[in-house]
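Asker: entry-v7.tsv is reproduced below (TSV, C-alpha atoms).
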chain	number	residue	atom	x	y	z
A	1	MET	CA	25.06	43.08	-55.76
A	2	ASP	CA	22.29	40.98	-54.21
A	3	SER	CA	22.44	37.18	-54.15
A	4	ARG	CA	19.27	36.57	-52.16
A	5	PRO	CA	16.84	34.11	-53.81
A	6	ILE	CA	13.29	34.47	-55.02
A	7	LEU	CA	11.10	32.02	-53.15
A	8	PHE	CA	8.24	30.30	-55.01
A	9	PHE	CA	5.60	28.65	-52.86
A	10	ASP	CA	2.78	26.25	-53.71
A	11	SER	CA	0.92	23.41	-52.06
A	12	GLY	CA	2.37	21.07	-54.69
A	13	ILE	CA	4.26	21.39	-57.94
A	14	GLY	CA	1.77	23.45	-59.95
A	15	GLY	CA	3.79	26.58	-59.21
A	16	LEU	CA	6.37	25.34	-61.69
A	17	SER	CA	4.13	26.91	-64.35
A	18	VAL	CA	5.05	30.29	-62.83
A	19	VAL	CA	8.73	29.38	-62.45
A	20	LYS	CA	8.88	28.59	-66.16
A	21	GLU	CA	7.72	32.13	-67.03
A	22	ALA	CA	9.76	33.82	-64.32
A	23	ARG	CA	13.02	32.34	-65.54
A	24	ILE	CA	12.51	34.14	-68.85
A	25	LEU	CA	11.82	37.50	-67.24
A	26	LEU	CA	13.92	37.27	-64.06
A	27	PRO	CA	17.23	35.54	-64.76
A	28	GLY	CA	20.27	36.06	-62.61
A	29	ARG	CA	18.84	35.21	-59.20
A	30	PRO	CA	18.76	31.86	-57.42
A	31	TYR	CA	15.31	30.34	-56.96
A	32	VAL	CA	13.98	28.38	-54.02
A	33	TYR	CA	10.89	26.28	-54.72
A	34	VAL	CA	8.88	25.21	-51.67
A	35	ALA	CA	6.13	22.63	-52.07
A	36	ASP	CA	3.93	22.17	-49.03
A	37	ASP	CA	3.23	18.61	-50.07
A	38	ALA	CA	2.63	17.59	-46.46
A	39	ALA	CA	-0.63	19.58	-46.66
A	40	PHE	CA	-1.57	19.00	-50.33
A	41	PRO	CA	-4.24	19.68	-51.54
A	42	TYR	CA	-5.04	23.05	-49.98
A	43	GLY	CA	-8.54	23.17	-51.47
A	44	ALA	CA	-9.82	20.65	-48.95
A	45	TRP	CA	-8.59	22.53	-45.85
A	46	GLU	CA	-10.72	24.48	-43.39
A	47	GLU	CA	-9.81	28.15	-43.76
A	48	GLY	CA	-8.73	28.91	-40.21
A	49	ALA	CA	-6.51	25.86	-39.94
A	50	LEU	CA	-4.85	26.52	-43.28
A	51	LEU	CA	-4.23	30.18	-42.46
A	52	GLU	CA	-2.63	29.25	-39.15
A	53	ARG	CA	-0.46	26.67	-40.88
A	54	MET	CA	0.72	29.10	-43.54
A	55	VAL	CA	1.68	31.88	-41.13
A	56	GLY	CA	3.66	29.45	-39.00
A	57	LEU	CA	5.31	27.85	-42.00
A	58	PHE	CA	6.33	31.20	-43.48
A	59	ALA	CA	7.94	32.28	-40.24
A	60	GLU	CA	10.31	29.33	-40.72
A	61	LEU	CA	10.77	29.69	-44.48
A	62	LEU	CA	11.58	33.39	-44.40
A	63	ASP	CA	14.06	32.91	-41.58
A	64	THR	CA	15.75	30.00	-43.36
A	65	HIS	CA	15.92	31.28	-46.93
A	66	ARG	CA	15.94	35.10	-46.49
A	67	PRO	CA	14.31	35.66	-49.89
A	68	VAL	CA	14.38	38.99	-51.69
A	69	MET	CA	10.80	38.29	-52.76
A	70	THR	CA	8.20	35.54	-52.31
A	71	VAL	CA	5.82	34.46	-55.06
A	72	ILE	CA	2.74	32.66	-53.75
A	73	ALA	CA	2.22	30.53	-56.85
A	74	CYS	CA	-1.09	29.15	-55.62
A	75	ASN	CA	-4.53	30.71	-56.01
A	76	THR	CA	-5.98	29.03	-52.91
A	77	ALA	CA	-3.12	30.18	-50.69
A	78	SER	CA	-3.12	33.70	-52.14
A	79	THR	CA	-6.84	34.37	-51.89
A	80	LEU	CA	-6.83	33.12	-48.31
A	81	ALA	CA	-3.57	34.29	-46.83
A	82	ILE	CA	-1.80	37.00	-48.83
A	83	HIS	CA	-3.20	39.87	-46.73
A	84	ARG	CA	-2.45	38.05	-43.48
A	85	LEU	CA	1.11	37.28	-44.59
A	86	ARG	CA	1.72	40.91	-45.48
A	87	GLU	CA	0.49	41.92	-42.04
A	88	ALA	CA	2.56	39.30	-40.24
A	89	PHE	CA	5.74	40.02	-42.23
A	90	PRO	CA	5.54	43.70	-43.25
A	91	ASP	CA	9.15	43.92	-44.40
A	92	GLU	CA	8.75	41.13	-46.94
A	93	ILE	CA	7.63	41.40	-50.57
A	94	PHE	CA	4.84	39.01	-51.54
A	95	VAL	CA	3.48	38.47	-55.04
A	96	GLY	CA	0.07	36.82	-55.05
A	97	THR	CA	-1.87	34.76	-57.56
A	98	VAL	CA	-5.51	35.64	-58.12
A	99	PRO	CA	-8.08	34.45	-60.68
A	100	ALA	CA	-7.82	36.37	-63.96
A	101	ILE	CA	-11.42	37.54	-63.82
A	102	LYS	CA	-10.76	41.08	-65.00
A	103	PRO	CA	-9.04	40.13	-68.30
A	104	ALA	CA	-11.65	37.44	-68.88
A	105	ALA	CA	-14.45	39.98	-68.54
A	106	GLU	CA	-12.65	42.31	-70.94
A	107	ARG	CA	-12.13	39.62	-73.59
A	108	THR	CA	-15.38	37.66	-73.56
A	109	ARG	CA	-17.72	38.11	-76.49
A	110	SER	CA	-20.57	35.91	-75.29
A	111	GLY	CA	-20.59	37.27	-71.75
A	112	LEU	CA	-20.36	33.72	-70.38
A	113	VAL	CA	-17.17	33.11	-68.41
A	114	SER	CA	-16.22	30.20	-66.19
A	115	VAL	CA	-13.62	30.19	-63.44
A	116	LEU	CA	-12.10	26.74	-62.93
A	117	ALA	CA	-10.52	26.55	-59.50
A	118	THR	CA	-10.14	24.54	-56.33
A	119	PRO	CA	-13.11	24.48	-53.94
A	120	GLY	CA	-11.17	26.77	-51.61
A	121	THR	CA	-10.69	29.48	-54.24
A	122	VAL	CA	-14.30	29.22	-55.38
A	123	LYS	CA	-15.75	29.81	-51.93
A	124	ARG	CA	-13.39	32.66	-51.04
A	125	GLN	CA	-14.92	36.13	-50.69
A	126	TYR	CA	-11.83	37.49	-52.43
A	127	THR	CA	-12.95	35.73	-55.63
A	128	ARG	CA	-16.48	37.02	-55.36
A	129	ASP	CA	-15.19	40.56	-54.84
A	130	LEU	CA	-13.23	40.28	-58.10
A	131	ILE	CA	-16.42	39.28	-59.91
A	132	ARG	CA	-18.32	42.19	-58.36
A	133	ASP	CA	-15.62	44.71	-59.22
A	134	TYR	CA	-14.66	43.58	-62.72
A	135	ALA	CA	-17.26	41.21	-64.17
A	136	SER	CA	-20.65	42.47	-63.01
A	137	ARG	CA	-21.91	42.55	-66.61
A	138	CYS	CA	-20.93	38.93	-67.26
A	139	HIS	CA	-22.41	35.64	-66.23
A	140	VAL	CA	-19.54	34.06	-64.28
A	141	ARG	CA	-19.79	30.42	-63.32
A	142	LEU	CA	-17.51	29.32	-60.48
A	143	VAL	CA	-16.47	25.68	-60.86
A	144	GLY	CA	-14.72	24.11	-57.88
A	145	SER	CA	-12.87	20.99	-58.97
A	146	GLU	CA	-12.13	18.41	-56.29
A	147	ASN	CA	-9.72	16.35	-58.38
A	148	LEU	CA	-8.09	18.39	-61.13
A	149	ALA	CA	-5.00	19.46	-59.15
A	150	ARG	CA	-4.31	15.82	-58.30
A	151	LEU	CA	-4.79	14.85	-61.94
A	152	ALA	CA	-2.33	17.56	-62.99
A	153	GLU	CA	0.26	16.34	-60.52
A	154	GLN	CA	-0.23	12.79	-61.78
A	155	TYR	CA	0.28	13.96	-65.34
A	156	MET	CA	3.42	15.90	-64.43
A	157	ARG	CA	4.88	12.89	-62.58
A	158	GLU	CA	3.86	10.10	-64.93
A	159	GLY	CA	3.12	11.71	-68.30
A	160	PHE	CA	-0.32	10.09	-68.33
A	161	VAL	CA	-3.78	11.17	-67.23
A	162	ASP	CA	-7.26	9.73	-67.61
A	163	GLU	CA	-8.83	11.97	-70.23
A	164	ALA	CA	-12.34	10.92	-69.21
A	165	ALA	CA	-11.60	12.16	-65.69
A	166	VAL	CA	-10.37	15.49	-67.07
A	167	ARG	CA	-13.50	15.79	-69.22
A	168	ALA	CA	-15.71	15.20	-66.18
A	169	GLU	CA	-13.92	17.86	-64.13
A	170	ILE	CA	-14.16	20.59	-66.78
A	171	ALA	CA	-17.69	19.76	-68.01
A	172	PRO	CA	-19.49	22.19	-65.62
A	173	CYS	CA	-17.50	25.08	-67.15
A	174	PHE	CA	-19.41	24.84	-70.42
A	175	VAL	CA	-22.70	26.73	-70.37
A	176	GLU	CA	-25.23	27.36	-73.14
A	177	GLN	CA	-27.67	30.20	-72.52
A	178	ASP	CA	-30.01	31.99	-74.93
A	179	GLY	CA	-28.02	30.92	-77.96
A	180	ARG	CA	-24.69	31.90	-76.37
A	181	ARG	CA	-21.90	29.67	-75.15
A	182	THR	CA	-19.08	29.98	-72.66
A	183	ASP	CA	-16.12	31.36	-74.57
A	184	ILE	CA	-13.51	31.84	-71.81
A	185	VAL	CA	-12.38	29.57	-68.99
A	186	VAL	CA	-10.07	31.05	-66.36
A	187	LEU	CA	-7.53	28.55	-65.04
A	188	ALA	CA	-7.54	29.67	-61.42
A	189	CYS	CA	-5.02	27.13	-60.15
A	190	THR	CA	-1.38	27.07	-61.16
A	191	HIS	CA	-1.57	23.29	-61.60
A	192	TYR	CA	-4.10	23.49	-64.39
A	193	PRO	CA	-1.96	24.90	-67.24
A	194	PHE	CA	-0.07	21.61	-67.31
A	195	LEU	CA	-3.32	19.92	-68.36
A	196	VAL	CA	-4.55	22.55	-70.79
A	197	ASN	CA	-3.83	20.46	-73.88
A	198	ARG	CA	-5.93	17.62	-72.46
A	199	MET	CA	-8.65	20.14	-71.62
A	200	ARG	CA	-8.67	21.42	-75.18
A	201	LYS	CA	-8.92	17.87	-76.47
A	202	THR	CA	-11.82	16.89	-74.23
A	203	ALA	CA	-13.77	20.18	-74.23
A	204	PRO	CA	-17.22	20.12	-75.91
A	205	TRP	CA	-16.33	23.26	-77.92
A	206	PRO	CA	-13.32	25.59	-78.31
A	207	VAL	CA	-12.79	28.30	-75.68
A	208	ASP	CA	-9.96	30.61	-74.63
A	209	TRP	CA	-8.14	29.23	-71.60
A	210	ILE	CA	-6.62	32.08	-69.56
A	211	ASP	CA	-3.44	31.16	-67.70
A	212	THR	CA	-2.05	33.79	-65.31
A	213	SER	CA	1.52	32.45	-65.03
A	214	GLU	CA	3.06	35.10	-67.28
A	215	ALA	CA	1.14	37.89	-65.55
A	216	ILE	CA	2.45	36.72	-62.17
A	217	ALA	CA	6.01	36.70	-63.49
A	218	ARG	CA	5.55	40.21	-64.91
A	219	ARG	CA	4.30	41.46	-61.56
A	220	ALA	CA	7.38	39.98	-59.90
A	221	LEU	CA	9.54	41.68	-62.53
A	222	SER	CA	7.95	45.06	-61.82
A	223	LEU	CA	8.62	44.72	-58.10
A	224	ALA	CA	12.17	43.54	-58.71
A	225	ALA	CA	12.90	46.86	-60.41
A	226	GLY	CA	13.10	48.48	-56.98
A	227	LEU	CA	15.51	45.90	-55.54
A	228	PRO	CA	19.31	45.87	-55.47
A	229	PRO	CA	20.77	44.41	-58.69
A	230	ALA	CA	20.99	40.63	-58.80
A	231	ASN	CA	24.36	38.97	-58.68
A	232	GLY	CA	23.95	36.97	-61.88
A	233	GLU	CA	27.50	35.69	-62.03
A	234	GLY	CA	28.43	31.99	-61.81
A	235	GLY	CA	27.51	29.73	-58.95
A	236	ILE	CA	23.75	30.21	-58.93
A	237	VAL	CA	22.02	27.14	-57.52
A	238	ASP	CA	18.25	26.70	-57.52
A	239	ARG	CA	16.95	24.58	-54.65
A	240	ALA	CA	13.72	22.73	-53.92
A	241	HIS	CA	12.20	21.94	-50.54
A	242	PHE	CA	9.28	19.65	-49.78
A	243	THR	CA	7.64	20.11	-46.39
A	244	SER	CA	7.01	16.37	-46.09
A	245	GLY	CA	10.76	15.82	-46.14
A	246	ALA	CA	10.20	12.73	-48.27
A	247	PRO	CA	8.96	13.55	-51.78
A	248	ALA	CA	8.23	10.68	-54.12
A	249	PRO	CA	11.11	9.80	-56.47
A	250	ALA	CA	9.02	10.95	-59.44
A	251	LEU	CA	8.68	14.41	-57.87
A	252	ARG	CA	12.42	14.62	-57.23
A	253	ARG	CA	13.07	13.72	-60.85
A	254	LEU	CA	10.58	16.31	-62.04
A	255	LEU	CA	12.11	19.12	-59.97
A	256	SER	CA	15.58	18.04	-61.03
A	257	GLY	CA	14.40	18.29	-64.63
A	258	PHE	CA	13.42	21.90	-63.90
A	259	GLY	CA	16.96	22.55	-62.68
A	260	PHE	CA	16.39	22.35	-58.93
A	261	GLN	CA	18.71	20.66	-56.46
A	262	PHE	CA	17.76	19.21	-53.07
Reformat the file's structure so that it appears as structure tokens.

Answerer:
Amino acid sequence: MDSRPILFFDSGIGGLSVVKEARILLPGRPYVYVADDAAFPYGAWEEGALLERMVGLFAELLDTHRPVMTVIACNTASTLAIHRLREAFPDEIFVGTVPAIKPAAERTRSGLVSVLATPGTVKRQYTRDLIRDYASRCHVRLVGSENLARLAEQYMREGFVDEAAVRAEIAPCFVEQDGRRTDIVVLACTHYPFLVNRMRKTAPWPVDWIDTSEAIARRALSLAAGLPPANGEGGIVDRAHFTSGAPAPALRRLLSGFGFQF
């Protein structure tokens, strides 16, 4: 039986949206949640510097936690670094998070799709390749939000968010063209699902909001099928680690509420 943990990694606490789904599909293993809060938000980083940071950080994390699998629960980190991490650590299993452009292109009726993401994900060639490969017949608007991840973290910590600020961040997603309207918005940041109810409330018209958290958990489940059975007996402890070493009390309370110990 295998007692090694699954490691979940994000720049902040948005990856908890993936943890929530994974616990349903992948019980029986301990979880380690790593928030690189010392570098949050990733969307503002220069690519080379962020890539170097992530490779160095993962060398430490993998050595410390010895995970059976690592879920990169962050679109910005995945689109930038997943290939490099697989090269640097070929014996490790990595599950990435990428914008759900393919299912959006399959489901849209108007042909107008928006991808709401961090600036880093928007400018990544990886994202543009997904559009080329799966959504060439759609009009895809890439919307890079500077502030939405911070707003989501505020909402998760405090239970309050400025709805006018949310409305301003999502407004560019809504396009009217030749009598058609945007009908799907892809939430291409794991922070954003925590704000989706506020997005629905402030949106100028109803759309489908595609959240990839369940799909990520299902991918992890499929890879776990080839691993030694989990030791799901008593004593499982889920742990959280913040790279700053000094998370705010509100963040500690939030992670504790999700069942993580420090």

Asker: What does the distance from atom CA of A:Ser213 to atom CA of A:Gly15 come to in Å, to one decimal?

Answerer: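 Between these atoms lies a distance of 8.6 Å.
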
Asker: Could you tell me which of A:Tyr42, A:Ala22, A:Tyr192, A:Glu52 comes closest to A:Glu153 if we count only C-alpha atoms?

Answerer: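 So, comparing all the options, the nearest one is A:Tyr192.
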
Asker: Quick one, how far is atom CA of A:Ile93 from atom CA of A:Ser3?

Answerer: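 Those two atoms sit 15.8 Å apart.
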
Asker: Need the shell around A:Val185: protein/DNA/RNA residues with any atom at most 10 Å away, counting all atoms listed in the file. Skip same-chain ones fewer than 4 positions apart. Format as a list in words?

Answerer: Ala100, Ile101, Ala104, Thr108, Leu112, Val113, Ser114, Val115, Leu116, Val140, Arg141, Leu142, Val143, Ile170, Cys173, Phe174, Val207, Asp208, Trp209, Ile210 and Asp211 of chain A

Asker: Pick out the residues sitting within 12 Å of A:Gly257, and hand them over as a ChimeraX atom specification; count all atoms listed in the file, and ignore anything fewer than 2 positions along from it in its own chain.

Answerer: /A:16,20,156-157,238,240,250-255,259-261

Asker: May I have the residues within 12 Å of A:Asp162 as a PyMOL selection string, using only C-alpha atoms and disregarding those fewer than 2 positions away in the same chain?

Answerer: chain A and resi 147-148+150-152+154-155+158-160+164-169+195+198-199+202

Asker: Quick one, how far is atom CA of A:Ile6 from atom CA of A:Pro41?

Answerer: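 Those two atoms sit 23.2 Å apart.
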
Asker: Excluding A:Arg124 and any residue of its chain fewer than 3 positions from it, enumerate the residues within 8 Å of it, using all atoms listed in the file, and give them as a PyMOL selection string.

Answerer: chain A and resi 79-80+120-121+127-128

Asker: With C-alpha atoms retained, export the selected residues as a compact mmCIF listing (two decimals), in the frame of the given file.

Answerer:
# COMPACT_ATOMS: atom_id res chain seq x y z
CA THR A 79 -6.84 34.37 -51.89
CA LEU A 80 -6.83 33.12 -48.31
CA GLY A 120 -11.17 26.77 -51.61
CA THR A 121 -10.69 29.48 -54.24
CA THR A 127 -12.95 35.73 -55.63
CA ARG A 128 -16.48 37.02 -55.36

Asker: Any idea what's packed within 8 Å of A:Thr243, counting all atoms listed in the file, ignoring anything in its chain fewer than 2 positions away? Could you give it as a PDB file with C-alpha atoms, in the coordinates of the input?

Answerer:
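Result file follows (result-v9.pdb):
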ATOM      1  CA  VAL A  34       8.880  25.210 -51.670  1.00  0.00           C
ATOM      2  CA  ALA A  35       6.130  22.630 -52.070  1.00  0.00           C
ATOM      3  CA  ASP A  36       3.930  22.170 -49.030  1.00  0.00           C
ATOM      4  CA  ASP A  37       3.230  18.610 -50.070  1.00  0.00           C
ATOM      5  CA  ALA A  38       2.630  17.590 -46.460  1.00  0.00           C
ATOM      6  CA  HIS A 241      12.200  21.940 -50.540  1.00  0.00           C
ATOM      7  CA  GLY A 245      10.760  15.820 -46.140  1.00  0.00           C
TER       8      GLY A 245
END

Asker: Find the residue from A:Ala215, A:Ala225, A:Gly111, A:Phe40 that sits nearest to A:Ala135; use all atoms listed in the file when measuring.

Answerer: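 Using all atoms listed in the file, the shortest distance to A:Ala135 belongs to A:Gly111.
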
Asker: For A:Thr76, which of A:Glu176, A:Glu214, A:Glu46, A:Glu163 is the closest residue, counting only C-alpha atoms?

Answerer: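 The answer is A:Glu46, which sits nearest to A:Thr76.
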
Asker: Could you work out an axis-aligned bounding box for all listed atoms of stretch 6-16 of chain A, with 8 Å added on each of the six sides, and give its centre and edge lengths in Å to one decimal, as AutoDock Vina command-line options?

Answerer:
--center_x 7.1 --center_y 27.8 --center_z -56.9 --size_x 28.4 --size_y 29.4 --size_z 25.6

Asker: For a quick check of understanding, using only C-alpha atoms, which of A:Val55, A:Ala105, A:Leu50, A:Ala44 has the smallest distance to A:Ile184?

Answerer: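 For A:Ile184, the nearest of the given residues is A:Ala105.
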
Asker: Which residue is closest to A:Pro30? Choose from A:Val68, A:Ile82, A:Val18, A:Leu227 and count all atoms listed in the file.

Answerer: A:Val68
